Structures are given as structure tokens and as C-alpha cells.
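Listing of entry-v3.txt, compact mmCIF, C-alpha atoms
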```txt
# COMPACT_ATOMS: atom_id res chain seq x y z
CA MET A 368 60.79 -61.76 31.84
CA THR A 369 58.45 -59.43 33.72
CA ILE A 370 57.64 -55.77 33.11
CA LEU A 371 56.95 -53.51 36.10
CA VAL A 372 54.32 -50.83 35.52
CA THR A 373 54.08 -47.84 37.86
CA GLY A 374 51.09 -45.50 37.76
CA ALA A 375 49.09 -48.54 36.69
CA THR A 376 45.74 -47.42 38.12
CA GLY A 377 45.73 -44.12 36.23
CA ARG A 378 44.34 -43.30 32.82
CA VAL A 379 47.51 -44.10 30.88
CA GLY A 380 48.75 -46.90 33.11
CA ARG A 381 45.58 -48.99 32.89
CA HIS A 382 45.74 -48.87 29.11
CA VAL A 383 49.45 -49.79 29.20
CA VAL A 384 48.63 -52.90 31.26
CA GLU A 385 45.86 -53.86 28.83
CA GLN A 386 48.16 -53.43 25.85
CA LEU A 387 50.92 -55.47 27.48
CA LEU A 388 48.53 -58.30 28.29
CA ALA A 389 47.30 -58.26 24.70
CA ARG A 390 50.94 -58.83 23.71
CA LYS A 391 51.26 -61.78 26.13
CA ALA A 392 53.77 -59.94 28.34
CA ALA A 393 54.24 -60.84 32.00
CA VAL A 394 53.16 -57.79 34.00
CA ARG A 395 53.63 -56.67 37.58
CA VAL A 396 52.03 -53.45 38.86
CA LEU A 397 53.07 -51.34 41.83
CA VAL A 398 50.00 -49.93 43.62
CA ARG A 399 49.32 -48.30 46.97
CA ASP A 400 46.10 -50.24 47.59
CA PRO A 401 45.86 -53.70 45.99
CA ALA A 402 42.15 -53.85 46.87
CA LYS A 403 41.53 -51.06 44.36
CA ALA A 404 43.77 -52.48 41.64
CA ASP A 405 41.02 -54.46 39.83
CA PHE A 406 43.34 -56.03 37.25
CA PRO A 407 42.97 -59.36 35.44
CA ALA A 408 44.28 -62.40 37.29
CA ALA A 409 47.32 -62.57 35.01
CA VAL A 410 48.65 -59.30 36.49
CA GLU A 411 50.89 -59.64 39.52
CA VAL A 412 50.14 -56.92 42.09
CA SER A 413 52.86 -55.51 44.35
CA LYS A 414 51.87 -53.19 47.20
CA GLY A 415 53.89 -50.03 47.78
CA ASP A 416 54.78 -46.63 46.38
CA LEU A 417 57.72 -44.79 44.86
CA LEU A 418 58.93 -43.41 48.19
CA ASP A 419 58.80 -46.73 50.06
CA ILE A 420 62.28 -48.17 49.55
CA ASP A 421 61.49 -51.63 50.93
CA SER A 422 58.40 -52.03 48.76
CA LEU A 423 60.29 -50.77 45.70
CA ARG A 424 63.07 -53.30 46.21
CA GLN A 425 60.48 -56.03 46.56
CA ALA A 426 58.61 -54.88 43.45
CA PHE A 427 61.80 -54.94 41.36
CA LYS A 428 62.72 -58.55 42.19
CA GLY A 429 62.67 -60.56 38.97
CA ILE A 430 61.91 -57.51 36.82
CA THR A 431 63.58 -56.97 33.46
CA THR A 432 61.96 -53.74 32.22
CA LEU A 433 60.37 -50.70 33.89
CA PHE A 434 57.54 -48.43 32.78
CA LEU A 435 58.02 -45.32 34.88
CA LEU A 436 55.02 -43.03 35.21
CA ASN A 437 54.79 -40.83 38.27
CA ALA A 438 52.03 -38.29 38.61
CA VAL A 439 52.37 -34.56 39.23
CA ALA A 440 53.15 -34.17 42.93
CA GLY A 441 55.22 -31.97 45.19
CA ASP A 442 57.80 -34.74 45.49
CA GLU A 443 57.59 -36.00 41.90
CA PHE A 444 61.31 -35.50 41.25
CA THR A 445 62.31 -37.42 44.37
CA GLN A 446 59.98 -40.26 43.37
CA ALA A 447 61.53 -40.49 39.90
CA LEU A 448 65.14 -40.36 41.07
CA ILE A 449 64.65 -42.92 43.83
CA THR A 450 62.85 -45.32 41.49
CA LEU A 451 65.59 -45.06 38.88
CA ASN A 452 68.27 -45.63 41.52
CA ILE A 453 66.47 -48.69 42.86
CA ALA A 454 66.03 -49.99 39.31
CA ARG A 455 69.78 -49.72 38.73
CA GLU A 456 70.52 -51.27 42.14
CA GLN A 457 68.31 -54.26 41.28
CA GLY A 458 69.89 -54.73 37.86
CA VAL A 459 67.06 -53.32 35.74
CA ASN A 460 68.49 -51.44 32.78
CA ARG A 461 65.55 -51.22 30.37
CA VAL A 462 63.18 -48.30 30.89
CA VAL A 463 60.28 -46.59 29.17
CA TYR A 464 59.70 -43.21 30.82
CA LEU A 465 56.60 -41.07 30.41
CA SER A 466 57.85 -37.49 30.15
CA VAL A 467 56.11 -34.56 28.44
CA LEU A 468 56.47 -32.70 25.14
CA HIS A 469 58.82 -29.68 25.43
CA ALA A 470 60.05 -30.83 28.85
CA ASP A 471 63.38 -29.15 28.15
CA HIS A 472 61.81 -25.87 27.00
CA PHE A 473 58.92 -25.21 29.40
CA VAL A 474 61.33 -25.21 32.34
CA ASN A 475 59.35 -22.66 34.39
CA VAL A 476 56.55 -25.25 34.70
CA PRO A 477 57.56 -27.47 37.64
CA HIS A 478 56.45 -30.86 36.35
CA PHE A 479 58.06 -30.16 32.96
CA ALA A 480 61.34 -29.27 34.68
CA VAL A 481 61.07 -32.41 36.82
CA LYS A 482 60.66 -34.63 33.77
CA SER A 483 63.54 -32.93 32.01
CA GLY A 484 65.71 -33.69 35.05
CA ALA A 485 64.62 -37.32 35.08
CA GLU A 486 65.43 -37.59 31.37
CA ARG A 487 68.94 -36.32 32.08
CA MET A 488 69.40 -38.86 34.87
CA ILE A 489 68.25 -41.69 32.60
CA ALA A 490 70.82 -40.64 30.00
CA ALA A 491 73.62 -40.10 32.53
CA MET A 492 73.07 -43.52 34.14
CA GLY A 493 73.21 -45.30 30.80
CA PHE A 494 69.77 -46.91 30.81
CA SER A 495 68.50 -48.48 27.61
CA ALA A 496 65.49 -46.20 27.44
CA THR A 497 62.64 -44.89 25.39
CA ILE A 498 61.56 -41.43 26.49
CA LEU A 499 57.93 -40.78 25.59
CA ARG A 500 57.04 -37.10 25.35
CA PRO A 501 53.26 -36.75 25.01
CA ALA A 502 51.48 -33.50 24.31
CA TYR A 503 48.28 -32.48 26.15
CA PHE A 504 46.03 -35.48 26.83
CA LEU A 505 42.81 -34.85 24.92
CA ASP A 506 41.10 -37.04 27.53
CA ASN A 507 41.68 -34.22 30.03
CA ASP A 508 38.71 -32.52 28.43
CA VAL A 509 36.33 -35.09 29.89
CA MET A 510 36.38 -32.98 33.06
CA ILE A 511 35.19 -29.85 31.22
CA ARG A 512 32.48 -31.53 29.17
CA ASP A 513 29.70 -30.18 31.41
CA VAL A 514 31.13 -26.65 31.28
CA ILE A 515 31.13 -26.79 27.50
CA ALA A 516 27.61 -28.22 27.31
CA ASP A 517 26.01 -26.12 30.06
CA TYR A 518 27.67 -22.75 29.44
CA GLY A 519 28.48 -22.88 25.73
CA VAL A 520 32.18 -22.15 26.29
CA TYR A 521 35.35 -24.12 25.69
CA PRO A 522 37.22 -22.92 28.80
CA MET A 523 40.78 -24.22 28.42
CA PRO A 524 43.25 -21.41 27.57
CA ILE A 525 44.84 -23.15 24.59
CA GLY A 526 45.75 -20.08 22.55
CA SER A 527 46.26 -19.56 18.83
CA LYS A 528 49.60 -21.31 18.25
CA GLY A 529 48.07 -24.78 18.45
CA VAL A 530 48.32 -27.89 20.63
CA ALA A 531 48.61 -31.41 19.15
CA MET A 532 46.36 -33.17 21.67
CA ILE A 533 46.79 -36.95 21.92
CA ASP A 534 44.51 -39.76 23.04
CA VAL A 535 45.77 -41.75 26.05
CA ARG A 536 45.06 -44.97 24.14
CA ASP A 537 47.67 -43.97 21.58
CA ILE A 538 50.17 -43.10 24.33
CA ALA A 539 49.62 -46.46 26.01
CA GLU A 540 49.91 -48.51 22.86
CA VAL A 541 53.20 -46.87 21.88
CA ALA A 542 54.42 -47.42 25.45
CA ALA A 543 53.53 -51.12 25.29
CA ILE A 544 55.21 -51.54 21.92
CA GLU A 545 58.39 -49.98 23.29
CA LEU A 546 58.28 -51.96 26.53
CA VAL A 547 57.97 -55.27 24.69
CA ARG A 548 60.63 -54.28 22.15
CA ARG A 549 63.15 -53.45 24.86
CA ASP A 550 62.16 -56.38 27.07
CA GLN A 551 62.67 -58.90 24.27
CA ALA A 552 65.90 -57.41 22.90
CA ASP A 553 68.98 -59.62 23.09
CA GLY A 554 71.22 -56.74 24.09
CA HIS A 555 71.40 -53.06 24.98
CA LEU A 556 69.28 -51.07 22.55
CA GLN A 557 70.14 -47.46 21.77
CA SER A 558 68.03 -44.96 23.70
CA GLU A 559 65.36 -43.03 21.82
CA THR A 560 63.03 -40.08 22.40
CA LEU A 561 59.57 -40.07 20.81
CA ASN A 562 57.23 -37.09 20.61
CA LEU A 563 53.66 -38.33 21.11
CA VAL A 564 51.18 -36.06 19.38
CA GLY A 565 47.71 -36.20 17.94
CA PRO A 566 46.90 -36.02 14.23
CA ASP A 567 45.77 -32.38 14.40
CA THR A 568 47.30 -29.25 15.92
CA LEU A 569 44.32 -27.36 17.32
CA THR A 570 43.85 -23.79 18.53
CA GLY A 571 41.28 -22.61 21.06
CA ASP A 572 39.03 -21.47 18.22
CA ASP A 573 39.46 -24.82 16.45
CA LEU A 574 38.35 -26.65 19.59
CA ALA A 575 35.29 -24.42 20.01
CA ALA A 576 34.38 -25.13 16.37
CA LEU A 577 34.71 -28.90 16.89
CA TRP A 578 32.44 -28.73 19.92
CA THR A 579 29.97 -26.55 18.00
CA GLU A 580 29.76 -29.28 15.37
CA ALA A 581 29.57 -32.10 17.92
CA LEU A 582 26.82 -30.50 20.03
CA GLY A 583 24.94 -28.87 17.17
CA ARG A 584 24.91 -25.41 18.78
CA PRO A 585 27.35 -22.53 19.13
CA ILE A 586 30.30 -23.01 21.47
CA ALA A 587 32.68 -20.08 22.02
CA TYR A 588 36.34 -20.13 22.95
CA GLY A 589 36.79 -18.71 26.46
CA GLY A 590 39.98 -16.83 25.63
CA ASP A 591 43.64 -16.89 26.55
CA ASP A 592 43.51 -15.40 30.07
CA PRO A 593 44.49 -18.24 32.46
CA SER A 594 43.29 -16.61 35.69
CA GLY A 595 39.82 -18.14 35.53
CA PHE A 596 41.32 -21.52 34.69
CA GLU A 597 43.58 -21.32 37.75
CA ALA A 598 40.63 -20.45 39.99
CA GLN A 599 38.59 -23.32 38.59
CA MET A 600 41.45 -25.80 39.14
CA ALA A 601 41.98 -24.54 42.69
CA SER A 602 38.41 -25.53 43.54
CA PHE A 603 39.31 -29.24 43.44
CA MET A 604 43.13 -29.47 43.67
CA PRO A 605 45.85 -27.91 45.85
CA LYS A 606 46.53 -24.26 45.06
CA TRP A 607 50.17 -24.94 44.21
CA MET A 608 49.04 -27.47 41.61
CA ALA A 609 46.41 -25.11 40.20
CA TYR A 610 49.11 -22.46 39.84
CA GLU A 611 51.32 -24.98 38.07
CA MET A 612 48.46 -25.73 35.66
CA ARG A 613 48.20 -22.00 35.02
CA LEU A 614 51.90 -21.81 34.17
CA MET A 615 51.44 -24.69 31.75
CA ALA A 616 48.45 -22.98 30.12
CA GLU A 617 50.48 -19.79 29.72
CA ARG A 618 53.05 -21.76 27.75
CA TYR A 619 50.31 -23.23 25.55
CA VAL A 620 49.29 -19.68 24.73
CA SER A 621 52.80 -18.30 24.22
CA ASP A 622 54.43 -21.31 22.53
CA GLY A 623 51.84 -23.93 21.66
CA MET A 624 52.58 -27.67 21.63
CA ILE A 625 53.49 -28.15 18.01
CA PRO A 626 54.81 -31.41 16.53
CA GLU A 627 58.16 -31.62 14.82
CA ASP A 628 58.29 -32.63 11.16
CA GLY A 629 57.51 -36.31 10.78
CA ASP A 630 56.12 -36.91 14.30
CA VAL A 631 52.62 -37.89 13.16
CA GLU A 632 53.95 -40.12 10.40
CA ARG A 633 56.38 -41.89 12.76
CA LEU A 634 53.62 -42.64 15.26
CA THR A 635 51.18 -43.80 12.60
CA LYS A 636 53.81 -46.17 11.22
CA ARG A 637 54.69 -47.50 14.67
CA LEU A 638 51.03 -48.13 15.54
CA GLY A 639 50.10 -49.42 12.10
CA ARG A 640 46.90 -47.38 12.17
CA PRO A 641 45.69 -43.75 12.23
CA LEU A 642 45.91 -41.79 15.48
CA HIS A 643 42.69 -41.10 17.38
CA SER A 644 41.35 -37.61 16.64
CA TYR A 645 39.91 -34.92 18.89
CA LYS A 646 36.92 -34.67 16.55
CA ALA A 647 35.97 -38.30 17.22
CA PHE A 648 36.53 -37.77 20.95
CA ALA A 649 34.23 -34.72 21.04
CA GLU A 650 31.54 -36.50 19.05
CA ARG A 651 31.66 -39.49 21.40
CA LEU A 652 31.54 -37.33 24.51
CA ALA A 653 28.71 -35.21 23.12
CA LYS A 654 26.54 -38.31 22.85
CA THR A 655 26.96 -39.11 26.55
CA GLY A 656 25.07 -36.01 27.68
```
Please rewrite the model in this file as C-alpha cells.
Amino acid sequence: MTILVTGATGRVGRHVVEQLLARKAAVRVLVRDPAKADFPAAVEVSKGDLLDIDSLRQAFKGITTLFLLNAVAGDEFTQALITLNIAREQGVNRVVYLSVLHADHFVNVPHFAVKSGAERMIAAMGFSATILRPAYFLDNDVMIRDVIADYGVYPMPIGSKGVAMIDVRDIAEVAAIELVRRDQADGHLQSETLNLVGPDTLTGDDLAALWTEALGRPIAYGGDDPSGFEAQMASFMPKWMAYEMRLMAERYVSDGMIPEDGDVERLTKRLGRPLHSYKAFAERLAKTG
């Protein structure tokens, strides 16, 4: 019984592979460049991508369960739909899909709408699936650490409603638990959707205060205007993607990313431990400077 992991070289995917190996699962990863995979010898590496039909069919041979993670891209929806079709064609019915919190509400944000569409396809095709809906990855803030430290500003337009940022290690461990649970089930398990959130719902001002404490000097919140954020993103990613990030930030400001009642407790129970906090993340990152 082998689990296929897509997106395995990314931040979440690498942790998913680690967690699966810790649970003695047989793992195969689909990667574009096996030379860059750098996985333990126990991991079977399959070369290809989500738009290469031949490589997908090869990757799915002997697979029982799929972890589907496909990154934000102009053809993300096509990648997801093709992969799910090939999974069904090859007899794979058990899926854990990495979606996003509020996928069905933030429909003006392209990658949210894409994930909502993929969720609908998974349901319509009758997969035995766990849909994971993570909030903002707190690890994203690694890329703004120097801005915070050098300019004294927390620059992400998070707003005042609050965002329940989650550590990718928590996402990956829940994913691995669900993959193993579905892989080892005797029959067709009922599908389930899990909101993945951090232990605290933080505003822009809250985040500035946490960084003030971590760095031992004043850090201000940069405000809710996303125009500067879009311009910053466009300096190192395609402009369409930077605009999409702006749309997402606008929804943080207008709606927040707020857990539903019981989300934190459900995750804590499933993991058997407390969730990683943003405070600990900021303190750890502050020490690296």
C-alpha cells in the first residue's frame, strides 16, 4: 500500500513525507527533477508533473492513496482536474486534498476559486476524501523577516478582523494522519472537511506587538492598504500572481480568516498536542538575525 505525494519538494510536502515515513508508510513522490528531490532512500521518486499524462499514469501504478497539493499557478485548476481524473482512471479512490480556508467564500481570489472547484469535483466523483482547509501559513512571514527587522514595520496587510495563522508542521502532521487513516481503512470512509487554523486569531496590530516583544524594540503595523504589498510581491513574482496576492490580502482585511467554533480543539485532539504558535515562531526567527 503506497501513498503518492504531490508537491513533495515544497514547504508542506516535505513535512508530509517526513511524517508519513515516521508512521512507517510506503511513500512515492512525484517531482519534476529527481536530482533535486533529496529524500531518504525509503522514498520512491517518480519523475513528472501534473500536466504530463504519461508520467502521471506511471506515478499512479500501485498507488492506494493520493495527497494532492498543487501550487498557485495559471493552470492550477487544470492540474488538479487532470490529476483527479487520472487517479480515478487508475483505481485510486482515497484522497487528501490541500485546499484553503474559506475557499467557497473568497471566490474572487483565483486560487481560492480553483480549490473550491476541485473540492466540488472530489465530492461529485465520489472519492473517499479529507479536504484540508488551512488558513494563512505563518511560515510565509519568513520572507518578510528582514523587512520587519530592518524597517521596524510588519508589512502584511492583515487587517483588524484577525487571521488564524497556522504552522506548516501542523498542516503536514494532520495530512499524514489522514493519509494513513484512509490508506489503512478496510472500506470507503465518509469524506470530511477540516479547517486547519493556528491557536490564535491575530490582527495586524497583534502581529506588530508580537514582533515588538520578540525583537525587543518597537515594530509598527504597516496598515491595511494592499497596494504596497502588491508592488513588493511583483518584484519577485509574476504580476498576475502579485495581483492575486493583493486580492487575497483585501479579503483578510474585509473578512479575516477566523476559525469556526471547535476548530482549535478538534486539531489539538487529532494531533495529541498543542498547535504551534506565532509567538514561538517570531521568537525563533528573531534569534536568527
Self-check item: Distance query 12 Å from (62.8, -48.8, 31.5) using only C-alpha atoms, result as a PyMOL selection string
Solution: chain A and resi 369-373+427+430-436+447+450-455+458-465+486+489-490+492-499+542-543+545-550+555-556+558-559
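Here atom CA of Ala392 of chain A and atom CA of Ala409 of chain A stand 9.6 Å from one another.
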Just need the box for segment 581-585 of chain A, edges along x, y and z, holding every atom the file lists for it with 6 Å tacked onto each side, so centre and edge lengths in Å to one decimal, as AutoDock Vina command-line options.
```
--center_x 27.2 --center_y -27.3 --center_z 18.6 --size_x 16.7 --size_y 21.6 --size_z 14.9
```
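Residues in contact with Gly589 of chain A at 10 Å, where all atoms listed in the file are counted and same-chain residues fewer than 5 positions away are skipped, are listed as Ile515, Gly519, Val520, Tyr521, Pro522, Met523, Pro524, Ile525, Gly526, Gly571, Asp572, Ala575, Gly595 and Phe596 of chain A.
Using all atoms listed in the file, the smallest distance between any of A:Leu652, A:Leu387, A:Leu418, A:Val530 and Arg399 of chain A comes from A:Leu418.
Across the structure, atom CA of Tyr503 of chain A and atom CA of Leu574 of chain A are spaced 13.3 Å apart.
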Quiz item: Could you tell me, as a ChimeraX atom specification, which residues have any atom at most 12 Å from (51.5, -17.4, 31.6), counting all atoms listed in the file?
Solution: /A:473,475-476,524-526,591-594,596-597,610-623
Kindly assemble as JSON lines a list of the segment 532-609 of chain A residues that lie within 7 Å of segment 631-648 of chain A, each paired with its nearest atom pair and their distance in Å to one decimal, using only C-alpha atoms, sorted first by chain and then by ascending residue number.
```
{"residue": "A:Asp534", "atom": "CA", "partner": "A:His643", "partner_atom": "CA", "distance": 6.1}
{"residue": "A:Asp537", "atom": "CA", "partner": "A:Leu642", "partner_atom": "CA", "distance": 6.7}
{"residue": "A:Val541", "atom": "CA", "partner": "A:Leu638", "partner_atom": "CA", "distance": 6.8}
{"residue": "A:Val564", "atom": "CA", "partner": "A:Val631", "partner_atom": "CA", "distance": 6.6}
{"residue": "A:Gly565", "atom": "CA", "partner": "A:Leu642", "partner_atom": "CA", "distance": 6.4}
{"residue": "A:Pro566", "atom": "CA", "partner": "A:Leu642", "partner_atom": "CA", "distance": 6.0}
{"residue": "A:Leu577", "atom": "CA", "partner": "A:Lys646", "partner_atom": "CA", "distance": 6.2}
```
Self-check item: Å distance separating atom CA of Met488 of chain A from atom CA of Ala438 of chain A, one decimal place
Solution: 17.8 Å
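Nearest residue to Asp400 of chain A among A:Ala375, A:Val481, A:Val535, A:Val383 is A:Ala375, counting all atoms listed in the file.
For Glu385 of chain A, the set of protein, DNA and RNA residues having any atom at most 12 Å away, when counting all atoms listed in the file and skipping those fewer than 2 positions along the same chain, is Val372, Ala375, Thr376, Arg378, Val379, Gly380, Arg381, His382, Val383, Leu387, Leu388, Ala389, Arg390, Lys391, Ala392, Ala393, Val394, Val396, Phe406, Pro407, Ala409, Val410, Arg536, Ala539, Glu540, Ala542, Ala543 and Ile544 of chain A.
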Practice problem: Considering only C-alpha atoms, state which residue in the set A:Ala516, A:Ile449, A:Ala480, A:Ala653 is at the smallest distance from Ala587 of chain A. | Solution: A:Ala516
Is it possible to dump segment 524-565 of chain A as a CSV table (one decimal), in the first residue's frame, including just N, CA and C atoms?
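Below is the file that was written, part.csv:
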```
chain,number,residue,atom,x,y,z
A,524,PRO,N,-0.7,43.2,5.0
A,524,PRO,CA,-2.0,43.8,5.3
A,524,PRO,C,-3.0,42.8,5.8
A,525,ILE,N,-2.9,42.6,7.1
A,525,ILE,CA,-3.7,41.5,7.7
A,525,ILE,C,-5.1,42.0,8.2
A,526,GLY,N,-5.1,43.3,8.6
A,526,GLY,CA,-6.4,43.9,9.0
A,526,GLY,C,-6.7,43.7,10.5
A,527,SER,N,-7.9,44.1,10.8
A,527,SER,CA,-8.3,44.1,12.2
A,527,SER,C,-9.3,43.0,12.6
A,528,LYS,N,-9.8,42.2,11.6
A,528,LYS,CA,-10.7,41.1,11.9
A,528,LYS,C,-10.0,39.9,12.5
A,529,GLY,N,-8.8,39.6,12.0
A,529,GLY,CA,-8.0,38.6,12.6
A,529,GLY,C,-7.8,37.4,11.6
A,530,VAL,N,-6.6,36.8,11.6
A,530,VAL,CA,-6.3,35.7,10.8
A,530,VAL,C,-5.6,34.6,11.7
A,531,ALA,N,-6.1,33.4,11.6
A,531,ALA,CA,-5.7,32.3,12.5
A,531,ALA,C,-4.5,31.6,11.8
A,532,MET,N,-3.4,32.2,11.8
A,532,MET,CA,-2.2,31.6,11.1
A,532,MET,C,-1.8,30.3,11.6
A,533,ILE,N,-1.4,29.4,10.7
A,533,ILE,CA,-1.0,28.0,11.1
A,533,ILE,C,0.4,27.6,10.7
A,534,ASP,N,1.1,26.9,11.5
A,534,ASP,CA,2.4,26.4,11.2
A,534,ASP,C,2.3,25.2,10.1
A,535,VAL,N,3.2,25.2,9.2
A,535,VAL,CA,3.1,24.2,8.1
A,535,VAL,C,3.4,22.8,8.8
A,536,ARG,N,4.1,22.7,9.9
A,536,ARG,CA,4.3,21.4,10.5
A,536,ARG,C,3.0,20.8,11.0
A,537,ASP,N,2.1,21.7,11.5
A,537,ASP,CA,0.8,21.2,11.9
A,537,ASP,C,0.0,20.8,10.8
A,538,ILE,N,0.0,21.5,9.7
A,538,ILE,CA,-0.7,21.1,8.4
A,538,ILE,C,-0.2,19.7,8.0
A,539,ALA,N,1.1,19.6,7.9
A,539,ALA,CA,1.6,18.3,7.4
A,539,ALA,C,1.3,17.1,8.3
A,540,GLU,N,1.3,17.3,9.6
A,540,GLU,CA,1.1,16.2,10.5
A,540,GLU,C,-0.4,15.8,10.4
A,541,VAL,N,-1.3,16.7,10.3
A,541,VAL,CA,-2.7,16.4,10.2
A,541,VAL,C,-2.9,15.6,8.8
A,542,ALA,N,-2.2,16.1,7.8
A,542,ALA,CA,-2.3,15.5,6.5
A,542,ALA,C,-1.8,14.0,6.6
A,543,ALA,N,-0.7,13.8,7.2
A,543,ALA,CA,-0.2,12.4,7.3
A,543,ALA,C,-1.1,11.5,8.1
A,544,ILE,N,-1.7,12.1,9.2
A,544,ILE,CA,-2.6,11.3,10.0
A,544,ILE,C,-3.8,10.9,9.1
A,545,GLU,N,-4.3,11.8,8.3
A,545,GLU,CA,-5.5,11.5,7.5
A,545,GLU,C,-5.1,10.5,6.3
A,546,LEU,N,-3.9,10.7,5.8
A,546,LEU,CA,-3.5,9.8,4.7
A,546,LEU,C,-3.4,8.4,5.2
A,547,VAL,N,-2.7,8.2,6.3
A,547,VAL,CA,-2.6,6.9,6.9
A,547,VAL,C,-3.9,6.3,7.3
A,548,ARG,N,-4.8,7.1,7.9
A,548,ARG,CA,-6.1,6.6,8.3
A,548,ARG,C,-6.9,6.1,7.1
A,549,ARG,N,-6.9,6.9,6.0
A,549,ARG,CA,-7.7,6.5,4.8
A,549,ARG,C,-7.0,5.3,4.1
A,550,ASP,N,-5.6,5.3,4.1
A,550,ASP,CA,-4.9,4.2,3.4
A,550,ASP,C,-5.1,2.9,4.1
A,551,GLN,N,-5.2,2.9,5.4
A,551,GLN,CA,-5.3,1.6,6.1
A,551,GLN,C,-6.8,1.2,6.4
A,552,ALA,N,-7.8,2.0,6.0
A,552,ALA,CA,-9.2,1.7,6.2
A,552,ALA,C,-9.6,0.5,5.4
A,553,ASP,N,-10.4,-0.4,5.9
A,553,ASP,CA,-10.9,-1.6,5.2
A,553,ASP,C,-11.8,-1.2,4.1
A,554,GLY,N,-12.6,-0.2,4.2
A,554,GLY,CA,-13.6,0.2,3.2
A,554,GLY,C,-13.6,1.7,2.9
A,555,HIS,N,-14.7,2.1,2.3
A,555,HIS,CA,-14.8,3.5,1.9
A,555,HIS,C,-15.2,4.4,3.1
A,556,LEU,N,-14.3,5.2,3.6
A,556,LEU,CA,-14.6,6.1,4.7
A,556,LEU,C,-15.4,7.3,4.2
A,557,GLN,N,-16.2,7.9,5.0
A,557,GLN,CA,-17.0,9.1,4.7
A,557,GLN,C,-16.0,10.2,4.5
A,558,SER,N,-16.3,11.1,3.6
A,558,SER,CA,-15.5,12.3,3.3
A,558,SER,C,-15.7,13.3,4.4
A,559,GLU,N,-14.6,14.1,4.6
A,559,GLU,CA,-14.6,15.0,5.7
A,559,GLU,C,-13.8,16.3,5.3
A,560,THR,N,-14.2,17.4,5.9
A,560,THR,CA,-13.5,18.7,5.6
A,560,THR,C,-13.0,19.2,7.0
A,561,LEU,N,-11.7,19.5,7.1
A,561,LEU,CA,-11.1,20.0,8.3
A,561,LEU,C,-10.6,21.4,8.1
A,562,ASN,N,-11.0,22.4,8.9
A,562,ASN,CA,-10.4,23.7,8.9
A,562,ASN,C,-9.1,23.6,9.7
A,563,LEU,N,-8.0,24.0,9.1
A,563,LEU,CA,-6.6,24.0,9.8
A,563,LEU,C,-6.3,25.4,10.2
A,564,VAL,N,-6.2,25.7,11.4
A,564,VAL,CA,-6.0,27.0,12.0
A,564,VAL,C,-5.0,27.0,13.1
A,565,GLY,N,-4.4,28.1,13.3
A,565,GLY,CA,-3.5,28.2,14.5
A,565,GLY,C,-4.2,28.5,15.8
```
